[in-house]
$ cat my_file25.pdb   # PDB, C-alpha atoms, pLDDT in the B column
ATOM      1  CA  ASP A 107     -72.072  -2.239 100.176  1.00 63.00           C
ATOM      2  CA  LEU A 108     -70.473  -5.687 100.002  1.00 67.00           C
ATOM      3  CA  ALA A 109     -67.842  -4.512  97.494  1.00 68.00           C
ATOM      4  CA  GLN A 110     -67.116  -1.414  99.577  1.00 69.00           C
ATOM      5  CA  ARG A 111     -66.609  -3.536 102.708  1.00 68.00           C
ATOM      6  CA  ARG A 112     -64.446  -6.153 100.992  1.00 70.00           C
ATOM      7  CA  LEU A 113     -62.344  -3.798  98.875  1.00 70.00           C
ATOM      8  CA  GLY A 114     -62.086  -0.847 101.264  1.00 70.00           C
ATOM      9  CA  HIS A 115     -63.121   1.757  98.675  1.00 67.00           C
ATOM     10  CA  GLY A 116     -65.974   4.182  99.269  1.00 71.00           C
ATOM     11  CA  ASP A 117     -66.523   5.464  95.729  1.00 77.00           C
ATOM     12  CA  LEU A 118     -67.466   2.278  93.855  1.00 77.00           C
ATOM     13  CA  SER A 119     -69.846   1.705  90.976  1.00 78.00           C
ATOM     14  CA  LEU A 120     -70.655  -1.143  88.602  1.00 76.00           C
ATOM     15  CA  ALA A 121     -69.706  -0.815  84.931  1.00 77.00           C
ATOM     16  CA  GLY A 122     -69.630  -3.643  82.390  1.00 75.00           C
ATOM     17  CA  GLY A 123     -69.442  -6.375  85.019  1.00 74.00           C
ATOM     18  CA  LYS A 124     -66.495  -4.697  86.788  1.00 80.00           C
ATOM     19  CA  ILE A 125     -66.284  -2.873  90.114  1.00 78.00           C
ATOM     20  CA  VAL A 126     -64.933   0.596  89.315  1.00 80.00           C
ATOM     21  CA  SER A 127     -63.541   3.247  91.628  1.00 78.00           C
ATOM     22  CA  ARG A 128     -63.561   6.889  90.520  1.00 76.00           C
ATOM     23  CA  SER A 129     -60.055   7.341  91.841  1.00 76.00           C
ATOM     24  CA  ALA A 130     -58.470   3.948  91.068  1.00 76.00           C
ATOM     25  CA  GLY A 131     -60.367   2.718  87.964  1.00 79.00           C
ATOM     26  CA  VAL A 132     -61.274  -0.973  87.699  1.00 80.00           C
ATOM     27  CA  VAL A 133     -60.569  -2.631  91.052  1.00 74.00           C
ATOM     28  CA  ALA A 134     -62.240  -6.062  90.730  1.00 76.00           C
ATOM     29  CA  SER A 135     -64.747  -8.169  88.835  1.00 79.00           C
ATOM     30  CA  ILE A 136     -68.125  -9.063  90.276  1.00 74.00           C
ATOM     31  CA  GLU A 137     -66.966 -12.687  90.563  1.00 76.00           C
ATOM     32  CA  ASP A 138     -63.933 -11.636  92.635  1.00 76.00           C
ATOM     33  CA  VAL A 139     -66.110  -9.760  95.121  1.00 75.00           C
ATOM     34  CA  LEU A 140     -68.936 -12.289  95.389  1.00 75.00           C
ATOM     35  CA  GLY A 141     -66.984 -15.532  95.377  1.00 75.00           C
ATOM     36  CA  THR A 142     -69.570 -18.225  96.119  1.00 71.00           C
ATOM     37  CA  GLU A 143     -71.910 -15.942  98.068  1.00 71.00           C
ATOM     38  CA  ALA A 144     -75.454 -15.818  96.733  1.00 68.00           C
ATOM     39  CA  ILE A 145     -77.286 -12.577  96.116  1.00 71.00           C
ATOM     40  CA  GLU A 146     -81.001 -12.313  96.693  1.00 75.00           C
ATOM     41  CA  GLU A 147     -83.206  -9.426  95.676  1.00 76.00           C
ATOM     42  CA  THR A 148     -86.943  -8.917  95.890  1.00 82.00           C
ATOM     43  CA  ARG A 149     -88.736  -6.564  93.530  1.00 78.00           C
ATOM     44  CA  GLU A 150     -92.388  -5.654  93.493  1.00 83.00           C
ATOM     45  CA  TYR A 151     -94.276  -4.527  90.394  1.00 80.00           C
ATOM     46  CA  HIS A 152     -97.512  -2.563  90.312  1.00 82.00           C
ATOM     47  CA  HIS A 153     -99.181  -1.906  86.960  1.00 80.00           C
ATOM     48  CA  ARG A 154    -100.133   1.630  86.104  1.00 81.00           C
ATOM     49  CA  GLU A 155    -103.443   2.970  87.401  1.00 86.00           C
ATOM     50  CA  THR A 156    -106.495   1.971  85.386  1.00 86.00           C
ATOM     51  CA  THR A 157    -109.913   3.582  84.966  1.00 88.00           C
ATOM     52  CA  LYS A 158    -113.258   2.118  83.959  1.00 89.00           C
ATOM     53  CA  MET A 159    -114.392   2.382  80.384  1.00 89.00           C
ATOM     54  CA  ASP A 160    -116.691   5.311  79.655  1.00 91.00           C
ATOM     55  CA  PRO A 161    -120.070   3.804  78.592  1.00 92.00           C
ATOM     56  CA  VAL A 162    -120.628   6.544  76.002  1.00 94.00           C
ATOM     57  CA  THR A 163    -117.224   6.935  74.377  1.00 93.00           C
ATOM     58  CA  GLY A 164    -115.835   3.469  75.098  1.00 89.00           C
ATOM     59  CA  GLN A 165    -112.589   5.082  76.250  1.00 90.00           C
ATOM     60  CA  GLY A 166    -110.653   4.236  79.403  1.00 87.00           C
ATOM     61  CA  THR A 167    -107.198   3.347  80.594  1.00 85.00           C
ATOM     62  CA  SER A 168    -106.803  -0.371  80.866  1.00 77.00           C
ATOM     63  CA  HIS A 169    -103.830  -2.483  81.819  1.00 72.00           C
ATOM     64  CA  VAL A 170    -102.833  -3.863  78.440  1.00 73.00           C
ATOM     65  CA  GLN A 171     -99.627  -4.948  76.895  1.00 76.00           C
ATOM     66  CA  LEU A 172     -99.137  -5.279  73.185  1.00 79.00           C
ATOM     67  CA  ALA A 173     -97.490  -8.494  72.089  1.00 85.00           C
ATOM     68  CA  LEU A 174     -96.684  -8.469  68.400  1.00 90.00           C
ATOM     69  CA  CYS A 175     -95.719 -11.369  66.152  1.00 96.00           C
ATOM     70  CA  VAL A 176     -96.112 -12.040  62.425  1.00 97.00           C
ATOM     71  CA  HIS A 177     -95.444 -15.196  60.431  1.00 98.00           C
ATOM     72  CA  ARG A 178     -94.843 -16.198  56.843  1.00 98.00           C
ATOM     73  CA  ALA A 179     -95.389 -19.822  55.876  1.00 98.00           C
ATOM     74  CA  VAL A 180     -94.388 -21.800  52.792  1.00 98.00           C
ATOM     75  CA  VAL A 181     -96.271 -25.017  52.073  1.00 97.00           C
ATOM     76  CA  ASP A 182     -96.149 -27.899  49.612  1.00 96.00           C
ATOM     77  CA  VAL A 183     -99.589 -29.180  48.629  1.00 94.00           C
ATOM     78  CA  ASP A 184    -100.356 -32.409  46.762  1.00 93.00           C
ATOM     79  CA  VAL A 185    -103.740 -31.446  45.330  1.00 85.00           C
ATOM     80  CA  GLU A 186    -104.498 -34.993  44.148  1.00 89.00           C
ATOM     81  CA  LEU A 187    -103.943 -36.627  47.527  1.00 92.00           C
ATOM     82  CA  GLY A 188    -104.893 -33.605  49.640  1.00 86.00           C
ATOM     83  CA  LEU A 189    -101.599 -33.705  51.534  1.00 92.00           C
ATOM     84  CA  VAL A 190    -100.054 -30.570  53.008  1.00 94.00           C
ATOM     85  CA  LYS A 191     -96.540 -30.108  54.348  1.00 96.00           C
ATOM     86  CA  VAL A 192     -95.304 -26.871  55.875  1.00 97.00           C
ATOM     87  CA  VAL A 193     -91.765 -26.575  54.500  1.00 97.00           C
ATOM     88  CA  GLU A 194     -90.676 -23.224  55.920  1.00 97.00           C
ATOM     89  CA  MET A 195     -91.794 -20.589  58.407  1.00 98.00           C
ATOM     90  CA  ALA A 196     -90.407 -17.192  59.265  1.00 98.00           C
ATOM     91  CA  SER A 197     -91.358 -15.118  62.271  1.00 97.00           C
ATOM     92  CA  VAL A 198     -90.811 -11.518  63.334  1.00 98.00           C
ATOM     93  CA  GLN A 199     -91.645 -10.761  66.950  1.00 97.00           C
ATOM     94  CA  ASP A 200     -91.257  -7.785  69.275  1.00 96.00           C
ATOM     95  CA  VAL A 201     -90.367  -9.309  72.640  1.00 95.00           C
ATOM     96  CA  GLY A 202     -89.759  -6.108  74.577  1.00 93.00           C
ATOM     97  CA  LYS A 203     -86.458  -7.114  76.141  1.00 93.00           C
ATOM     98  CA  ILE A 204     -84.502 -10.354  75.790  1.00 94.00           C
ATOM     99  CA  LEU A 205     -83.485 -11.884  79.123  1.00 91.00           C
ATOM    100  CA  ASN A 206     -82.577 -15.406  77.979  1.00 93.00           C
ATOM    101  CA  ARG A 207     -82.243 -15.747  74.192  1.00 94.00           C
ATOM    102  CA  GLN A 208     -82.277 -19.556  74.088  1.00 96.00           C
ATOM    103  CA  SER A 209     -85.411 -19.770  76.236  1.00 95.00           C
ATOM    104  CA  LEU A 210     -87.055 -17.017  74.197  1.00 96.00           C
ATOM    105  CA  GLU A 211     -86.345 -18.785  70.886  1.00 97.00           C
ATOM    106  CA  GLY A 212     -87.807 -21.968  72.392  1.00 96.00           C
ATOM    107  CA  GLN A 213     -90.985 -20.073  73.286  1.00 96.00           C
ATOM    108  CA  ILE A 214     -91.342 -18.748  69.730  1.00 97.00           C
ATOM    109  CA  HIS A 215     -90.651 -22.176  68.202  1.00 97.00           C
ATOM    110  CA  GLY A 216     -93.113 -23.819  70.603  1.00 96.00           C
ATOM    111  CA  GLY A 217     -95.888 -21.313  69.927  1.00 96.00           C
ATOM    112  CA  SER A 218     -95.315 -21.716  66.180  1.00 97.00           C
ATOM    113  CA  ALA A 219     -95.524 -25.511  66.523  1.00 97.00           C
ATOM    114  CA  GLN A 220     -98.826 -25.146  68.353  1.00 96.00           C
ATOM    115  CA  GLY A 221    -100.114 -22.950  65.532  1.00 97.00           C
ATOM    116  CA  LEU A 222     -98.978 -25.530  62.964  1.00 97.00           C
ATOM    117  CA  GLY A 223    -100.905 -28.220  64.833  1.00 96.00           C
ATOM    118  CA  LEU A 224    -104.058 -26.109  64.912  1.00 95.00           C
ATOM    119  CA  ALA A 225    -103.766 -25.379  61.179  1.00 95.00           C
ATOM    120  CA  VAL A 226    -103.157 -28.859  59.754  1.00 94.00           C
ATOM    121  CA  MET A 227    -103.192 -31.642  62.339  1.00 93.00           C
ATOM    122  CA  GLU A 228    -105.331 -31.270  65.426  1.00 91.00           C
ATOM    123  CA  GLU A 229    -109.068 -31.906  65.334  1.00 89.00           C
ATOM    124  CA  ILE A 230    -111.657 -32.301  68.043  1.00 89.00           C
ATOM    125  CA  VAL A 231    -114.864 -33.806  66.693  1.00 90.00           C
ATOM    126  CA  VAL A 232    -117.924 -32.486  68.524  1.00 93.00           C
ATOM    127  CA  SER A 233    -121.481 -33.654  67.902  1.00 95.00           C
ATOM    128  CA  GLY A 234    -124.486 -32.667  69.976  1.00 95.00           C
ATOM    129  CA  GLY A 235    -122.211 -30.905  72.448  1.00 94.00           C
ATOM    130  CA  GLU A 236    -120.158 -34.056  73.125  1.00 92.00           C
ATOM    131  CA  VAL A 237    -116.568 -34.756  72.117  1.00 89.00           C
ATOM    132  CA  ARG A 238    -116.546 -37.762  69.779  1.00 89.00           C
ATOM    133  CA  ASN A 239    -112.790 -38.376  69.620  1.00 88.00           C
ATOM    134  CA  PRO A 240    -112.188 -41.813  71.171  1.00 85.00           C
ATOM    135  CA  SER A 241    -109.110 -40.704  73.174  1.00 83.00           C
ATOM    136  CA  PHE A 242    -106.114 -38.441  73.084  1.00 81.00           C
ATOM    137  CA  THR A 243    -103.926 -41.361  71.974  1.00 81.00           C
ATOM    138  CA  ASP A 244    -105.295 -40.798  68.451  1.00 81.00           C
ATOM    139  CA  TYR A 245    -105.098 -36.999  68.650  1.00 86.00           C
ATOM    140  CA  LEU A 246    -102.231 -35.771  66.470  1.00 88.00           C
ATOM    141  CA  ILE A 247    -100.022 -32.970  67.705  1.00 91.00           C
ATOM    142  CA  PRO A 248     -96.875 -31.712  65.976  1.00 94.00           C
ATOM    143  CA  THR A 249     -93.503 -33.201  66.835  1.00 92.00           C
ATOM    144  CA  ILE A 250     -90.047 -31.951  65.909  1.00 92.00           C
ATOM    145  CA  LEU A 251     -90.338 -33.985  62.691  1.00 94.00           C
ATOM    146  CA  ASP A 252     -93.361 -31.907  61.634  1.00 94.00           C
ATOM    147  CA  MET A 253     -91.664 -28.566  62.207  1.00 96.00           C
ATOM    148  CA  PRO A 254     -90.070 -26.872  59.226  1.00 97.00           C
ATOM    149  CA  PRO A 255     -86.906 -24.774  59.398  1.00 96.00           C
ATOM    150  CA  MET A 256     -87.715 -21.413  61.000  1.00 97.00           C
ATOM    151  CA  LYS A 257     -86.088 -18.057  60.566  1.00 97.00           C
ATOM    152  CA  LEU A 258     -86.562 -15.815  63.601  1.00 97.00           C
ATOM    153  CA  ASP A 259     -86.201 -12.064  63.561  1.00 97.00           C
ATOM    154  CA  ILE A 260     -86.446 -10.869  67.161  1.00 97.00           C
ATOM    155  CA  LEU A 261     -87.041  -7.185  67.820  1.00 96.00           C
ATOM    156  CA  GLU A 262     -86.331  -5.480  71.141  1.00 95.00           C
ATOM    157  CA  TYR A 263     -88.532  -2.499  71.951  1.00 94.00           C
ATOM    158  CA  PRO A 264     -88.858  -2.543  75.760  1.00 92.00           C
ATOM    159  CA  ASP A 265     -92.333  -1.889  77.132  1.00 88.00           C
ATOM    160  CA  PRO A 266     -92.026   1.151  79.420  1.00 86.00           C
ATOM    161  CA  ASN A 267     -94.956  -0.056  81.551  1.00 83.00           C
ATOM    162  CA  ALA A 268     -93.781  -3.624  82.151  1.00 84.00           C
ATOM    163  CA  PRO A 269     -91.234  -5.093  84.559  1.00 83.00           C
ATOM    164  CA  TYR A 270     -87.797  -5.113  82.874  1.00 86.00           C
ATOM    165  CA  GLY A 271     -89.499  -3.987  79.648  1.00 89.00           C
ATOM    166  CA  LEU A 272     -90.676  -7.536  78.905  1.00 89.00           C
ATOM    167  CA  ARG A 273     -93.527  -8.585  76.618  1.00 90.00           C
ATOM    168  CA  GLY A 274     -95.234 -11.960  76.301  1.00 88.00           C
ATOM    169  CA  ALA A 275     -93.215 -14.300  74.096  1.00 91.00           C
ATOM    170  CA  GLY A 276     -94.884 -17.724  73.919  1.00 91.00           C
ATOM    171  CA  GLU A 277     -98.473 -16.760  73.176  1.00 93.00           C
ATOM    172  CA  PRO A 278     -98.161 -14.393  70.172  1.00 95.00           C
ATOM    173  CA  PRO A 279     -96.697 -17.045  67.823  1.00 96.00           C
ATOM    174  CA  THR A 280     -99.730 -19.275  68.441  1.00 95.00           C
ATOM    175  CA  LEU A 281    -101.947 -16.490  67.100  1.00 94.00           C
ATOM    176  CA  SER A 282    -100.098 -15.609  63.903  1.00 96.00           C
ATOM    177  CA  SER A 283     -98.680 -18.972  62.767  1.00 97.00           C
ATOM    178  CA  THR A 284    -102.061 -20.660  62.209  1.00 97.00           C
ATOM    179  CA  PRO A 285    -103.494 -18.030  59.812  1.00 97.00           C
ATOM    180  CA  ALA A 286    -100.145 -17.763  57.998  1.00 98.00           C
ATOM    181  CA  ILE A 287    -100.219 -21.503  57.260  1.00 97.00           C
ATOM    182  CA  VAL A 288    -103.891 -21.452  56.275  1.00 96.00           C
ATOM    183  CA  ALA A 289    -103.280 -18.465  53.964  1.00 97.00           C
ATOM    184  CA  ALA A 290    -100.348 -20.310  52.331  1.00 97.00           C
ATOM    185  CA  ILE A 291    -102.537 -23.375  51.758  1.00 95.00           C
ATOM    186  CA  ARG A 292    -105.295 -21.236  50.243  1.00 94.00           C
ATOM    187  CA  ASP A 293    -102.775 -19.514  48.005  1.00 94.00           C
ATOM    188  CA  ALA A 294    -101.227 -22.831  46.908  1.00 92.00           C
ATOM    189  CA  THR A 295    -104.593 -24.462  46.129  1.00 90.00           C
ATOM    190  CA  GLY A 296    -106.424 -21.445  44.755  1.00 85.00           C
ATOM    191  CA  LYS A 297    -109.297 -22.211  47.144  1.00 78.00           C
ATOM    192  CA  ALA A 298    -110.915 -19.318  48.961  1.00 65.00           C
TER     193      ALA A 298
END

$ encode --input "my_file25.pdb" --output "structure tokens"
Amino acid sequence: DLAQRRLGHGDLSLAGGKIVSRSAGVVASIEDVLGTEAIEETREYHHRETTKMDPVTGQGTSHVQLALCVHRAVVDVDVELGLVKVVEMASVQDVGKILNRQSLEGQIHGGSAQGLGLAVMEEIVVSGGEVRNPSFTDYLIPTILDMPPMKLDILEYPDPNAPYGLRGAGEPPTLSSTPAIVAAIRDATGKA
């Protein structure tokens, strides 16, 4: 509507970031039409209808979304000193649809760092139902210096039942990075 009012054409559409008229071709860019004017849009999402699980068959339609991520870890292990260093990780993740690649990569790196911490650094000591760690000042969590180089392979298979086709991006790497590191340590040490 705004483009039609400002440009005086009635047959406009948007194609590749340009305002296009069927009769005149490209007539303006989005930036030319909008100038400094802000655009606001509200969208509402409702998940698909769900049904209760059948107590006999265990079947039902639930509101679920698959979030898929796999990791491969490479570790160096000093078996005499018991030291472990994760030297490389690779991740393949289906994110549905990428909206902001840099933010998405940060989510995958962050989730992988959390998984690294759970595998080789973080420990809460519990005895008799009480936490025995003196404080969180002594609780090790990974920093950028602990993170190995990471190769990311990001797959885009939009979820047809999710807004914009998105899938969760930060949580899946926390689930697959920890067992990948533990499996690499077991393989390197020969311990089951």

$ residues_around --input "my_file25.pdb" --residues "A:Glu155" --least-positions-apart "4" --cutoff "10 Å" --atoms "only C-alpha atoms" --output "MDAnalysis selection string"
chainID A and resid 167:169

$ resolve_selection --input "my_file25.pdb" --expression "the PyMOL selection byres ((chain A and resi 179-186) around 12)" --output "count of residues only"
40

$ atom_distance --input "my_file25.pdb" --atom1 "atom CA of A:Gly223" --atom2 "atom CA of A:Ile250"
11.5 Å

$ resolve_selection --input "my_file25.pdb" --expression "the PyMOL selection byres ((chain A and resi 129-140) around 9)" --output "PyMOL selection string"
chain A and resi 108-109+112-113+117-118+120-121+123-128+141-145

$ atom_distance --input "my_file25.pdb" --atom1 "atom CA of A:Asn267" --atom2 "atom CA of A:Thr157"
15.8 Å

$ axis_aligned_box --input "my_file25.pdb" --around "stretch 287-296 of chain A" --padding-each-side "3 Å" --output "JSON"
{"center_x": -103.3, "center_y": -21.5, "center_z": 51.0, "size_x": 12.2, "size_y": 12.0, "size_z": 18.5}

$ resolve_selection --input "my_file25.pdb" --expression "the PyMOL selection byres ((chain A and resi 201) around 8)" --output "JSON, numbers by chain"
{"A": [173, 174, 199, 200, 202, 203, 204, 260, 261, 262, 263, 264, 272, 273, 274, 275]}

$ closest_residue --input "my_file25.pdb" --among "A:Gln171, A:Gln213, A:Thr148, A:Thr243" --to "A:Leu258" --atoms "only C-alpha atoms"
A:Gln213
